[in-house]
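A.B. asks: Sharing entry-v6.pdb here; it has PDB, C-alpha atoms and all ligand atoms.
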```
ATOM      1  CA  MET A   5       0.000   0.000   0.000
ATOM      2  CA  ASP A   6       1.396   3.388  -0.954
ATOM      3  CA  ILE A   7       0.545   6.819  -2.348
ATOM      4  CA  PRO A   8       1.386   7.676  -6.004
ATOM      5  CA  ARG A   9       5.143   7.467  -6.388
ATOM      6  CA  ILE A  10       5.559  11.013  -7.684
ATOM      7  CA  PHE A  11       4.830  12.443  -4.200
ATOM      8  CA  ASN A  12       7.355  10.117  -2.605
ATOM      9  CA  ILE A  13       9.906  11.539  -5.045
ATOM     10  CA  THR A  14       9.079  15.262  -5.005
ATOM     11  CA  GLU A  15       8.421  15.493  -1.252
ATOM     12  CA  SER A  16      11.090  13.059  -0.048
ATOM     13  CA  ALA A  17      13.107  15.859   1.582
ATOM     14  CA  HIS A  18      10.117  17.620   3.181
ATOM     15  CA  ARG A  19       9.526  17.410   6.896
ATOM     16  CA  ILE A  20       6.311  19.389   6.606
ATOM     17  CA  HIS A  21       4.152  18.456   3.611
ATOM     18  CA  ASN A  22       2.087  21.621   3.567
ATOM     19  CA  PRO A  23       2.736  25.390   3.276
ATOM     20  CA  TYR A  24       3.542  25.793   6.972
ATOM     21  CA  THR A  25       7.011  26.734   8.141
ATOM     22  CA  PRO A  26       8.344  25.129  11.367
ATOM     23  CA  GLU A  27       7.484  28.405  13.116
ATOM     24  CA  LYS A  28       3.841  28.257  11.989
ATOM     25  CA  LEU A  29       3.600  24.648  13.144
ATOM     26  CA  ALA A  30       4.889  25.649  16.583
ATOM     27  CA  THR A  31       2.500  28.642  16.627
ATOM     28  CA  LEU A  32      -0.410  26.316  15.929
ATOM     29  CA  GLY A  33       0.650  23.971  18.740
ATOM     30  CA  ALA A  34       0.855  26.905  21.154
ATOM     31  CA  ALA A  35      -2.463  28.296  19.910
ATOM     32  CA  LEU A  36      -4.213  25.027  20.754
ATOM     33  CA  ARG A  37      -3.000  25.334  24.379
ATOM     34  CA  LEU A  38      -2.040  21.673  24.467
ATOM     35  CA  LYS A  39      -1.421  20.123  27.845
ATOM     36  CA  PRO A  40       1.183  17.447  28.629
ATOM     37  CA  GLY A  41      -0.417  14.049  28.093
ATOM     38  CA  ASP A  42      -3.103  15.305  25.694
ATOM     39  CA  HIS A  43      -3.590  12.742  22.945
ATOM     40  CA  VAL A  44      -3.575  13.957  19.345
ATOM     41  CA  LEU A  45      -4.815  11.763  16.489
ATOM     42  CA  ASP A  46      -3.446  12.760  13.075
ATOM     43  CA  LEU A  47      -4.917  11.277   9.892
ATOM     44  CA  GLY A  48      -2.453  11.688   7.020
ATOM     45  CA  SER A  49       0.421  12.428   9.394
ATOM     46  CA  GLY A  50       3.045  12.650   6.639
ATOM     47  CA  SER A  51       6.600  12.593   7.978
ATOM     48  CA  GLY A  52       5.283  13.116  11.501
ATOM     49  CA  GLU A  53       6.654  16.596  12.114
ATOM     50  CA  MET A  54       3.530  17.919  13.825
ATOM     51  CA  LEU A  55       3.193  15.069  16.325
ATOM     52  CA  CYS A  56       6.928  14.742  16.987
ATOM     53  CA  THR A  57       7.623  18.442  17.584
ATOM     54  CA  TRP A  58       4.462  18.885  19.649
ATOM     55  CA  ALA A  59       5.478  15.883  21.764
ATOM     56  CA  ARG A  60       8.890  17.473  22.296
ATOM     57  CA  ASP A  61       7.630  21.030  22.853
ATOM     58  CA  TYR A  62       4.261  20.521  24.549
ATOM     59  CA  GLY A  63       4.473  16.995  25.985
ATOM     60  CA  ILE A  64       1.565  15.585  23.999
ATOM     61  CA  THR A  65       1.124  11.940  23.110
ATOM     62  CA  GLY A  66      -0.165  10.978  19.696
ATOM     63  CA  THR A  67      -1.100   8.554  16.976
ATOM     64  CA  GLY A  68      -0.401   9.237  13.309
ATOM     65  CA  ILE A  69      -1.556   7.255  10.294
ATOM     66  CA  ASP A  70      -0.134   7.674   6.837
ATOM     67  CA  MET A  71      -0.338   5.692   3.623
ATOM     68  CA  SER A  72       3.122   6.607   2.299
ATOM     69  CA  GLN A  73       5.726   3.973   3.203
ATOM     70  CA  LEU A  74       8.485   6.557   2.903
ATOM     71  CA  PHE A  75       6.797   9.256   4.997
ATOM     72  CA  PHE A  76       5.802   6.685   7.610
ATOM     73  CA  LYS A  77       9.428   5.531   7.903
ATOM     74  CA  GLN A  78      10.661   9.128   8.068
ATOM     75  CA  ALA A  79       8.144   9.800  10.842
ATOM     76  CA  GLU A  80       9.486   6.919  12.918
ATOM     77  CA  LEU A  81      13.050   8.171  12.420
ATOM     78  CA  ARG A  82      11.999  11.687  13.416
ATOM     79  CA  ALA A  83      10.353  10.434  16.607
ATOM     80  CA  ASP A  84      13.581   8.663  17.461
ATOM     81  CA  GLU A  85      15.659  11.744  16.619
ATOM     82  CA  LEU A  86      13.532  13.987  18.852
ATOM     83  CA  GLY A  87      13.414  11.417  21.667
ATOM     84  CA  VAL A  88       9.636  10.983  21.624
ATOM     85  CA  VAL A  89       9.219   7.333  20.551
ATOM     86  CA  ASP A  90       7.528   6.573  23.873
ATOM     87  CA  LYS A  91       4.944   9.313  23.216
ATOM     88  CA  ILE A  92       4.025   8.897  19.551
ATOM     89  CA  ARG A  93       2.890   5.859  17.589
ATOM     90  CA  PHE A  94       2.899   5.867  13.797
ATOM     91  CA  ILE A  95       0.817   3.459  11.755
ATOM     92  CA  HIS A  96       1.402   2.758   8.074
ATOM     93  CA  GLY A  97      -2.011   2.440   6.481
ATOM     94  CA  ASP A  98      -5.108   3.928   4.926
ATOM     95  CA  ALA A  99      -6.670   6.434   7.326
ATOM     96  CA  ALA A 100     -10.046   6.391   5.534
ATOM     97  CA  GLY A 101     -12.581   5.239   8.109
ATOM     98  CA  TYR A 102     -10.017   5.159  10.941
ATOM     99  CA  ILE A 103     -11.593   5.558  14.383
ATOM    100  CA  ALA A 104      -9.468   5.553  17.556
ATOM    101  CA  ASP A 105     -10.138   2.891  20.234
ATOM    102  CA  LYS A 106      -9.841   5.512  22.937
ATOM    103  CA  LYS A 107     -11.262   9.025  22.533
ATOM    104  CA  VAL A 108      -8.663  11.704  21.843
ATOM    105  CA  ASP A 109      -8.283  15.344  22.904
ATOM    106  CA  VAL A 110      -7.414  16.627  19.433
ATOM    107  CA  ALA A 111      -8.398  14.893  16.186
ATOM    108  CA  ALA A 112      -6.545  16.292  13.184
ATOM    109  CA  CYS A 113      -6.407  16.008   9.430
ATOM    110  CA  VAL A 114      -3.971  18.569   8.096
ATOM    111  CA  GLY A 115      -3.842  18.808   4.327
ATOM    112  CA  ALA A 116      -5.432  15.456   3.532
ATOM    113  CA  THR A 117      -9.209  15.938   3.778
ATOM    114  CA  TRP A 118      -9.840  13.655   0.798
ATOM    115  CA  ILE A 119      -9.360  10.920   3.425
ATOM    116  CA  GLY A 120     -12.911  11.617   4.611
ATOM    117  CA  GLY A 121     -14.251  12.580   1.178
ATOM    118  CA  GLY A 122     -13.879  16.339   1.772
ATOM    119  CA  VAL A 123     -13.959  18.735   4.719
ATOM    120  CA  ALA A 124     -17.452  17.842   5.987
ATOM    121  CA  GLY A 125     -16.857  14.085   5.728
ATOM    122  CA  THR A 126     -13.487  14.382   7.441
ATOM    123  CA  ILE A 127     -14.969  16.370  10.327
ATOM    124  CA  LYS A 128     -17.588  13.637  10.719
ATOM    125  CA  LEU A 129     -14.908  10.954  10.711
ATOM    126  CA  LEU A 130     -12.675  12.783  13.198
ATOM    127  CA  ALA A 131     -15.640  13.493  15.496
ATOM    128  CA  GLN A 132     -16.040   9.746  16.042
ATOM    129  CA  SER A 133     -12.608   9.615  17.709
ATOM    130  CA  LEU A 134     -13.004  12.819  19.731
ATOM    131  CA  ARG A 135     -13.830  13.167  23.417
ATOM    132  CA  THR A 136     -16.646  15.539  24.384
ATOM    133  CA  GLY A 137     -15.225  19.043  24.374
ATOM    134  CA  GLY A 138     -12.197  18.060  22.268
ATOM    135  CA  ILE A 139     -10.785  19.950  19.310
ATOM    136  CA  ILE A 140     -10.969  19.022  15.644
ATOM    137  CA  LEU A 141      -8.133  20.374  13.543
ATOM    138  CA  ILE A 142      -8.536  20.753   9.787
ATOM    139  CA  GLY A 143      -5.800  21.961   7.427
ATOM    140  CA  GLU A 144      -7.219  23.031   4.096
ATOM    141  CA  PRO A 145      -6.533  25.255   1.074
ATOM    142  CA  TYR A 146      -8.837  28.146   0.194
ATOM    143  CA  TRP A 147      -8.924  30.739  -2.584
ATOM    144  CA  LEU A 148      -7.047  33.912  -1.638
ATOM    145  CA  GLN A 149      -8.875  35.448  -4.592
ATOM    146  CA  LEU A 150     -11.463  33.623  -6.629
ATOM    147  CA  PRO A 151      -9.909  32.458  -9.943
ATOM    148  CA  PRO A 152     -11.646  34.334 -12.765
ATOM    149  CA  THR A 153     -11.525  31.230 -14.990
ATOM    150  CA  GLU A 154     -11.490  27.454 -14.640
ATOM    151  CA  THR A 155      -8.133  27.471 -16.470
ATOM    152  CA  ILE A 156      -6.619  29.414 -13.590
ATOM    153  CA  ALA A 157      -8.131  26.977 -11.059
ATOM    154  CA  LYS A 158      -6.542  24.119 -13.000
ATOM    155  CA  GLY A 159      -3.262  26.051 -12.972
ATOM    156  CA  CYS A 160      -3.493  25.811  -9.176
ATOM    157  CA  LEU A 161      -3.840  22.010  -9.620
ATOM    158  CA  ALA A 162      -7.509  22.116  -8.601
ATOM    159  CA  ASN A 163      -9.959  20.209 -10.798
ATOM    160  CA  ALA A 164     -12.328  23.176 -10.733
ATOM    161  CA  ILE A 165     -13.023  26.487  -8.968
ATOM    162  CA  ALA A 166     -15.629  24.576  -6.952
ATOM    163  CA  ASP A 167     -12.913  22.425  -5.326
ATOM    164  CA  PHE A 168     -12.141  25.147  -2.784
ATOM    165  CA  CYS A 169     -13.941  27.991  -0.989
ATOM    166  CA  THR A 170     -12.790  31.501  -0.211
ATOM    167  CA  LEU A 171     -11.657  32.004   3.385
ATOM    168  CA  PRO A 172     -14.975  33.594   4.452
ATOM    169  CA  GLU A 173     -16.875  30.716   2.836
ATOM    170  CA  LEU A 174     -14.641  28.106   4.461
ATOM    171  CA  VAL A 175     -14.994  29.655   7.919
ATOM    172  CA  ALA A 176     -18.765  29.994   7.429
ATOM    173  CA  SER A 177     -18.980  26.344   6.340
ATOM    174  CA  PHE A 178     -17.655  25.188   9.717
ATOM    175  CA  GLY A 179     -20.421  27.182  11.393
ATOM    176  CA  GLU A 180     -22.981  25.571   9.120
ATOM    177  CA  LEU A 181     -21.772  22.183  10.379
ATOM    178  CA  ASN A 182     -22.479  23.439  13.915
ATOM    179  CA  TYR A 183     -18.850  23.951  14.905
ATOM    180  CA  ASP A 184     -17.264  27.026  16.454
ATOM    181  CA  VAL A 185     -13.985  28.068  14.872
ATOM    182  CA  VAL A 186     -11.921  28.543  18.050
ATOM    183  CA  GLU A 187      -8.455  29.106  16.571
ATOM    184  CA  MET A 188      -6.819  29.567  13.196
ATOM    185  CA  VAL A 189      -3.243  29.802  11.894
ATOM    186  CA  LEU A 190      -2.844  30.728   8.237
ATOM    187  CA  ALA A 191       0.144  29.998   6.012
ATOM    188  CA  ASP A 192       1.705  32.761   3.928
ATOM    189  CA  GLN A 193       3.575  32.987   0.635
ATOM    190  CA  ASP A 194       6.963  32.356   2.273
ATOM    191  CA  GLY A 195       5.548  29.106   3.591
ATOM    192  CA  TRP A 196       4.164  28.224   0.170
ATOM    193  CA  ASP A 197       7.629  28.851  -1.274
ATOM    194  CA  ARG A 198       9.161  26.453   1.261
ATOM    195  CA  TYR A 199       6.621  23.782   0.350
ATOM    196  CA  GLU A 200       6.728  24.201  -3.432
ATOM    197  CA  ALA A 201      10.257  25.444  -4.157
ATOM    198  CA  ALA A 202      11.814  22.739  -1.959
ATOM    199  CA  LYS A 203      10.412  20.193  -4.414
ATOM    200  CA  TRP A 204      12.488  21.660  -7.242
ATOM    201  CA  LEU A 205      15.899  21.002  -5.725
ATOM    202  CA  THR A 206      14.706  17.573  -4.618
ATOM    203  CA  MET A 207      13.631  16.820  -8.211
ATOM    204  CA  ARG A 208      16.889  18.112  -9.659
ATOM    205  CA  ARG A 209      18.969  15.962  -7.311
ATOM    206  CA  TRP A 210      16.713  12.947  -7.886
ATOM    207  CA  LEU A 211      17.181  13.304 -11.657
ATOM    208  CA  GLU A 212      20.951  13.367 -11.244
ATOM    209  CA  ASP A 213      20.815  10.245  -9.078
ATOM    210  CA  ASN A 214      18.236   8.327 -11.175
ATOM    211  CA  PRO A 215      18.867   9.071 -14.858
ATOM    212  CA  ASN A 216      17.451   5.757 -16.065
ATOM    213  CA  ASP A 217      14.404   5.517 -13.823
ATOM    214  CA  GLU A 218      11.059   5.050 -15.590
ATOM    215  CA  PHE A 219       9.871   8.221 -13.826
ATOM    216  CA  SER A 220      12.733  10.383 -15.019
ATOM    217  CA  LYS A 221      10.799  11.894 -17.941
ATOM    218  CA  GLU A 222       7.848  12.798 -15.710
ATOM    219  CA  VAL A 223      10.126  14.364 -13.111
ATOM    220  CA  ARG A 224      12.129  16.167 -15.807
ATOM    221  CA  ASP A 225       8.938  17.660 -17.277
ATOM    222  CA  LEU A 226       7.738  18.734 -13.831
ATOM    223  CA  LEU A 227      11.012  20.417 -12.951
ATOM    224  CA  THR A 228      10.862  22.290 -16.267
ATOM    225  CA  THR A 229       7.302  23.541 -15.786
ATOM    226  CA  GLU A 230       6.651  23.720 -12.037
ATOM    227  CA  PRO A 231       8.473  26.931 -11.041
ATOM    228  CA  LYS A 232       6.582  29.003 -13.621
ATOM    229  CA  ARG A 233       3.258  27.268 -12.935
ATOM    230  CA  TYR A 234       3.616  27.856  -9.215
ATOM    231  CA  VAL A 235       4.454  31.577  -9.441
ATOM    232  CA  THR A 236       1.778  32.153 -12.089
ATOM    233  CA  TYR A 237      -1.062  30.437 -10.263
ATOM    234  CA  THR A 238      -0.773  28.851  -6.817
ATOM    235  CA  ARG A 239       1.338  31.578  -5.213
ATOM    236  CA  ASP A 240      -1.212  34.316  -5.938
ATOM    237  CA  TYR A 241      -4.477  32.406  -5.818
ATOM    238  CA  LEU A 242      -4.252  29.737  -3.145
ATOM    239  CA  GLY A 243      -4.181  30.204   0.602
ATOM    240  CA  TRP A 244      -3.856  27.520   3.223
ATOM    241  CA  GLY A 245      -4.665  27.342   6.879
ATOM    242  CA  ALA A 246      -5.403  25.128   9.848
ATOM    243  CA  PHE A 247      -8.677  25.656  11.686
ATOM    244  CA  ALA A 248      -9.450  24.475  15.207
ATOM    245  CA  LEU A 249     -13.097  23.553  15.710
ATOM    246  CA  MET A 250     -15.267  22.727  18.710
ATOM    247  CA  ALA A 251     -18.779  21.339  18.423
ATOM    248  CA  ARG A 252     -21.468  23.782  19.486
ATOM    249  CA  GLN A 253     -23.575  22.595  22.375
ATOM    250  CA  GLU A 254     -26.992  21.177  21.426
TER     251      GLU A 254
HETATM  252  N1  LIG A 301      -0.299  16.214   7.585
HETATM  253  C1  LIG A 301       1.002  16.058   6.969
HETATM  254  C2  LIG A 301       0.936  15.514   5.538
HETATM  255  C3  LIG A 301       0.071  16.278   4.568
HETATM  256  S1  LIG A 301       0.298  15.747   2.878
HETATM  257  C4  LIG A 301       1.743  17.363   6.977
HETATM  258  O1  LIG A 301       1.080  18.389   7.064
HETATM  259  O2  LIG A 301       2.971  17.365   6.862
HETATM  260  C5  LIG A 301      -0.940  14.509   2.710
HETATM  261  C6  LIG A 301      -0.549  13.200   3.375
HETATM  262  O3  LIG A 301      -1.651  12.303   3.282
HETATM  263  C7  LIG A 301       0.632  12.489   2.746
HETATM  264  O4  LIG A 301       1.566  12.212   3.758
HETATM  265  C8  LIG A 301       0.043  11.199   2.173
HETATM  266  O5  LIG A 301       0.938  10.130   2.224
HETATM  267  C9  LIG A 301      -1.139  10.998   3.080
HETATM  268  N2  LIG A 301      -2.256  10.211   2.555
HETATM  269  C10 LIG A 301      -2.864  10.306   1.360
HETATM  270  N3  LIG A 301      -3.917   9.477   1.291
HETATM  271  C11 LIG A 301      -3.983   8.845   2.505
HETATM  272  C12 LIG A 301      -4.850   7.864   3.071
HETATM  273  N4  LIG A 301      -5.882   7.379   2.394
HETATM  274  N5  LIG A 301      -4.611   7.446   4.336
HETATM  275  C13 LIG A 301      -3.565   7.944   5.042
HETATM  276  N6  LIG A 301      -2.712   8.864   4.555
HETATM  277  C14 LIG A 301      -2.925   9.303   3.310
END
```
So, in terms of structure tokens, how does the structure I just supplied come out?
Ligand code: SAH

C.D. replies:
Amino acid sequence: MDIPRIFNITESAHRIHNPYTPEKLATLGAALRLKPGDHVLDLGSGSGEMLCTWARDYGITGTGIDMSQLFFKQAELRADELGVVDKIRFIHGDAAGYIADKKVDVAACVGATWIGGGVAGTIKLLAQSLRTGGIILIGEPYWLQLPPTETIAKGCLANAIADFCTLPELVASFGELNYDVVEMVLADQDGWDRYEAAKWLTMRRWLEDNPNDEFSKEVRDLLTTEPKRYVTYTRDYLGWGAFALMARQE
């Protein structure tokens, strides 16, 4: 079981697989006012940076599930490196439908809401693992400015304009699901550059190391086109943020 190989190539050197910088990730952890021993469930935990650094910095415990063999392995190495193997457990697997045995304090899906079939479905899934009064954390893109054409949306690697909301629409949508938005940390363009531009050097080095790989043409084409695509579309049109939600009382 694995994710499409292209992501394991282009994001192999990423610790954070989203437009957050390490500082933003720490800001989010602080914003959530985590207490030592709080348990955080993370669906699509990537290379485990959120759980591992929050375990080190805020004393949380956690469970992360990710479908990428490579990212899962990197997460285990990171936990070892930061001395938090006794606090964090990583599972290699499909997080779709995953429900924790024991209710958690924070249930997160940061940049992988397709796992629950979209934002609403993922909130529903996470809610099944959450203790009463716990926090759901959703990381999701939104339109900084609405693309004037579908071509521009596709340039941002969306299938259509309808794939994402504007920030006001996204925030309002949480309310419509009967959740309070209780915290929010938004990425910025510098963070987007770290996420996207870091792929370019990784691709370049990978091409030098793997000239005869069956993927080399695909990676070559991406490295040729990605910098211009990114600065033309994603950088100006797409925002990204993590939103902390608490269910409104009945
Ligand atoms: N939350 C992490 C990773 C976000 S990238 C971070 O912010 O760094 C999206 C992640 O979802 C990738 O690590 C990918 O391997 C994982 N993924 C994709 N489909 C998945 C699935 N069905 N189950 C579990 N993980 C999945």

A.B. asks: Evaluated on this file, the PyMOL selection byres (((not hetatm)) within 8 of (chain A and resi 301)) picks out some residues - which ones are they, written as an NGL selection string?

C.D. replies: :A and (6-7 or 11 or 19-22 or 24 or 46-54 or 69-73 or 75-76 or 96-100 or 113-116 or 118-119 or 143)

A.B. asks: Between CA of Cys169 in chain A and CA of Leu32 in chain A, what is the distance, to one decimal in Å?

C.D. replies: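 About the pair CA of Cys169 in chain A and CA of Leu32 in chain A: they are 21.7 Å apart.
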
A.B. asks: Tell me which protein, DNA and RNA residues are within 12 Å of Leu205 in chain A, counting all atoms listed in the file, leaving out same-chain ones fewer than 2 positions away, and put them as a list in words.

C.D. replies: Ile13, Thr14, Glu15, Ser16, Ala17, His18, Arg198, Tyr199, Glu200, Ala201, Ala202, Lys203, Met207, Arg208, Arg209, Trp210, Leu211, Glu212, Val223, Arg224, Leu226, Leu227, Thr228, Glu230 and Pro231 of chain A

A.B. asks: When you count all atoms listed in the file, which of these residues is closest to Pro26 in chain A: A:Asp194, A:Glu222, A:Glu187, A:Glu80?

C.D. replies: A:Asp194

A.B. asks: Please, what distance in Å, to one decimal, runs between CA of Thr25 in chain A and CA of Leu38 in chain A?

C.D. replies: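 Between CA of Thr25 in chain A and CA of Leu38 in chain A the gap is 19.3 Å.
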
A.B. asks: For a quick check of understanding, using all atoms listed in the file, which of A:Leu150, A:Ile95, A:Met188, A:Leu86 has the smallest distance to Ile165 in chain A?

C.D. replies: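 For Ile165 in chain A, the nearest of the given residues is A:Leu150.
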
A.B. asks: Looking at A:Asp90, A:Asp61, A:Glu173, A:Glu218, which one is nearest to Ala30 in chain A, with distances taken over only C-alpha atoms?

C.D. replies: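 Distance minimum relative to Ala30 in chain A lands on A:Asp61.
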
A.B. asks: Apply the PyMOL selection byres (((chain A and resi 247) around 7) and not hetatm) to the file shown and report the selected residues as a ChimeraX atom specification.

C.D. replies: /A:141-143,185,187-189,245-246,248-249

A.B. asks: Which one of A:Asp213, A:Asn163, A:Ala83, A:Gly125 sits closest to Ala59 in chain A if you count only C-alpha atoms?

C.D. replies: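 Result for the nearest residue to Ala59 in chain A: A:Ala83.
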
A.B. asks: Tell me which of A:Ile103, A:Cys160, A:Leu45, A:Ile10 sits closest to Val235 in chain A, counting all atoms listed in the file.

C.D. replies: A:Cys160

A.B. asks: Using only C-alpha atoms for the distances, tell me which of A:Asn12, A:Thr57, A:Thr238, A:Asn214 is nearest to Thr31 in chain A.

C.D. replies: A:Thr57

A.B. asks: Please indicate the distance in Å from CA of Lys221 in chain A to CA of Glu154 in chain A, rounded to one decimal place.

C.D. replies: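 Computing it gives 27.4 Å between the two atoms.
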
A.B. asks: As a PyMOL selection string, please: the residues near Leu148 in chain A (cut-off 9 Å, all atoms listed in the file, same-chain neighbours under 5 positions excluded).

C.D. replies: chain A and resi 170-171+240-244

A.B. asks: Any chance you could resolve the PyMOL selection byres (((chain A and resi 132) around 10) and not hetatm) against this file and give the residues as a ChimeraX atom specification?

C.D. replies: /A:101-105,107-108,111,127-131,133-135

A.B. asks: Fewer than 6 positions away in the same chain doesn't count, so skip those; otherwise give me all residues within 8 Å of Thr65 in chain A, counting all atoms listed in the file, as a PyMOL selection string.

C.D. replies: chain A and resi 40-44+55+59+91-92

A.B. asks: May I have the residues from that selection written out with C-alpha atoms, as a compact mmCIF listing (two decimals), in the coordinates of the input?

C.D. replies:
```
# COMPACT_ATOMS: atom_id res chain seq x y z
CA PRO A 40 1.18 17.45 28.63
CA GLY A 41 -0.42 14.05 28.09
CA ASP A 42 -3.10 15.30 25.69
CA HIS A 43 -3.59 12.74 22.94
CA VAL A 44 -3.58 13.96 19.34
CA LEU A 55 3.19 15.07 16.32
CA ALA A 59 5.48 15.88 21.76
CA LYS A 91 4.94 9.31 23.22
CA ILE A 92 4.03 8.90 19.55
```

A.B. asks: Output range 101-108 of chain A with all heavy atoms present, as a PDB file, in the frame of the given file.

C.D. replies:
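As a result, result26.pdb now contains:
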```pdb
ATOM      1  N   GLY A 101     -11.765   6.038   7.196  1.00  0.00           N
ATOM      2  CA  GLY A 101     -12.581   5.239   8.109  1.00  0.00           C
ATOM      3  C   GLY A 101     -11.918   4.942   9.442  1.00  0.00           C
ATOM      4  O   GLY A 101     -12.497   4.243  10.273  1.00  0.00           O
ATOM      5  N   TYR A 102     -10.715   5.473   9.687  1.00  0.00           N
ATOM      6  CA  TYR A 102     -10.017   5.159  10.941  1.00  0.00           C
ATOM      7  C   TYR A 102     -10.684   5.843  12.141  1.00  0.00           C
ATOM      8  O   TYR A 102     -10.877   7.053  12.175  1.00  0.00           O
ATOM      9  CB  TYR A 102      -8.542   5.589  10.871  1.00  0.00           C
ATOM     10  CG  TYR A 102      -7.775   5.195  12.107  1.00  0.00           C
ATOM     11  CD1 TYR A 102      -7.138   3.962  12.182  1.00  0.00           C
ATOM     12  CD2 TYR A 102      -7.715   6.033  13.220  1.00  0.00           C
ATOM     13  CE1 TYR A 102      -6.454   3.576  13.331  1.00  0.00           C
ATOM     14  CE2 TYR A 102      -7.037   5.661  14.366  1.00  0.00           C
ATOM     15  CZ  TYR A 102      -6.407   4.434  14.407  1.00  0.00           C
ATOM     16  OH  TYR A 102      -5.740   4.059  15.543  1.00  0.00           O
ATOM     17  N   ILE A 103     -11.012   5.033  13.140  1.00  0.00           N
ATOM     18  CA  ILE A 103     -11.593   5.558  14.383  1.00  0.00           C
ATOM     19  C   ILE A 103     -10.750   5.040  15.541  1.00  0.00           C
ATOM     20  O   ILE A 103     -10.450   3.840  15.611  1.00  0.00           O
ATOM     21  CB  ILE A 103     -13.066   5.114  14.533  1.00  0.00           C
ATOM     22  CG1 ILE A 103     -13.887   5.700  13.370  1.00  0.00           C
ATOM     23  CG2 ILE A 103     -13.654   5.575  15.865  1.00  0.00           C
ATOM     24  CD1 ILE A 103     -15.252   5.085  13.197  1.00  0.00           C
ATOM     25  N   ALA A 104     -10.338   5.935  16.436  1.00  0.00           N
ATOM     26  CA  ALA A 104      -9.468   5.553  17.556  1.00  0.00           C
ATOM     27  C   ALA A 104     -10.225   4.687  18.563  1.00  0.00           C
ATOM     28  O   ALA A 104     -11.427   4.865  18.763  1.00  0.00           O
ATOM     29  CB  ALA A 104      -8.948   6.816  18.235  1.00  0.00           C
ATOM     30  N   ASP A 105      -9.521   3.744  19.201  1.00  0.00           N
ATOM     31  CA  ASP A 105     -10.138   2.891  20.234  1.00  0.00           C
ATOM     32  C   ASP A 105     -10.535   3.735  21.434  1.00  0.00           C
ATOM     33  O   ASP A 105     -11.556   3.517  22.065  1.00  0.00           O
ATOM     34  CB  ASP A 105      -9.129   1.836  20.751  1.00  0.00           C
ATOM     35  CG  ASP A 105      -8.570   1.013  19.615  1.00  0.00           C
ATOM     36  OD1 ASP A 105      -9.259   0.920  18.580  1.00  0.00           O
ATOM     37  OD2 ASP A 105      -7.452   0.488  19.763  1.00  0.00           O
ATOM     38  N   LYS A 106      -9.628   4.677  21.756  1.00  0.00           N
ATOM     39  CA  LYS A 106      -9.841   5.512  22.937  1.00  0.00           C
ATOM     40  C   LYS A 106      -9.999   6.946  22.453  1.00  0.00           C
ATOM     41  O   LYS A 106      -9.229   7.404  21.608  1.00  0.00           O
ATOM     42  CB  LYS A 106      -8.596   5.379  23.835  1.00  0.00           C
ATOM     43  CG  LYS A 106      -8.812   5.768  25.243  1.00  0.00           C
ATOM     44  CD  LYS A 106      -7.656   5.316  26.146  1.00  0.00           C
ATOM     45  CE  LYS A 106      -7.664   6.146  27.411  1.00  0.00           C
ATOM     46  NZ  LYS A 106      -6.629   7.170  27.427  1.00  0.00           N
ATOM     47  N   LYS A 107     -10.989   7.659  23.009  1.00  0.00           N
ATOM     48  CA  LYS A 107     -11.262   9.025  22.533  1.00  0.00           C
ATOM     49  C   LYS A 107     -10.064   9.946  22.759  1.00  0.00           C
ATOM     50  O   LYS A 107      -9.372   9.844  23.773  1.00  0.00           O
ATOM     51  CB  LYS A 107     -12.476   9.604  23.282  1.00  0.00           C
ATOM     52  CG  LYS A 107     -13.735   8.759  23.131  1.00  0.00           C
ATOM     53  CD  LYS A 107     -14.506   9.124  21.889  1.00  0.00           C
ATOM     54  CE  LYS A 107     -15.792   8.299  21.865  1.00  0.00           C
ATOM     55  NZ  LYS A 107     -16.474   8.362  20.596  1.00  0.00           N
ATOM     56  N   VAL A 108      -9.843  10.839  21.814  1.00  0.00           N
ATOM     57  CA  VAL A 108      -8.663  11.704  21.843  1.00  0.00           C
ATOM     58  C   VAL A 108      -9.054  13.147  22.175  1.00  0.00           C
ATOM     59  O   VAL A 108     -10.221  13.527  22.075  1.00  0.00           O
ATOM     60  CB  VAL A 108      -7.919  11.651  20.495  1.00  0.00           C
ATOM     61  CG1 VAL A 108      -7.533  10.217  20.138  1.00  0.00           C
ATOM     62  CG2 VAL A 108      -8.753  12.278  19.366  1.00  0.00           C
TER      63      VAL A 108
END
```
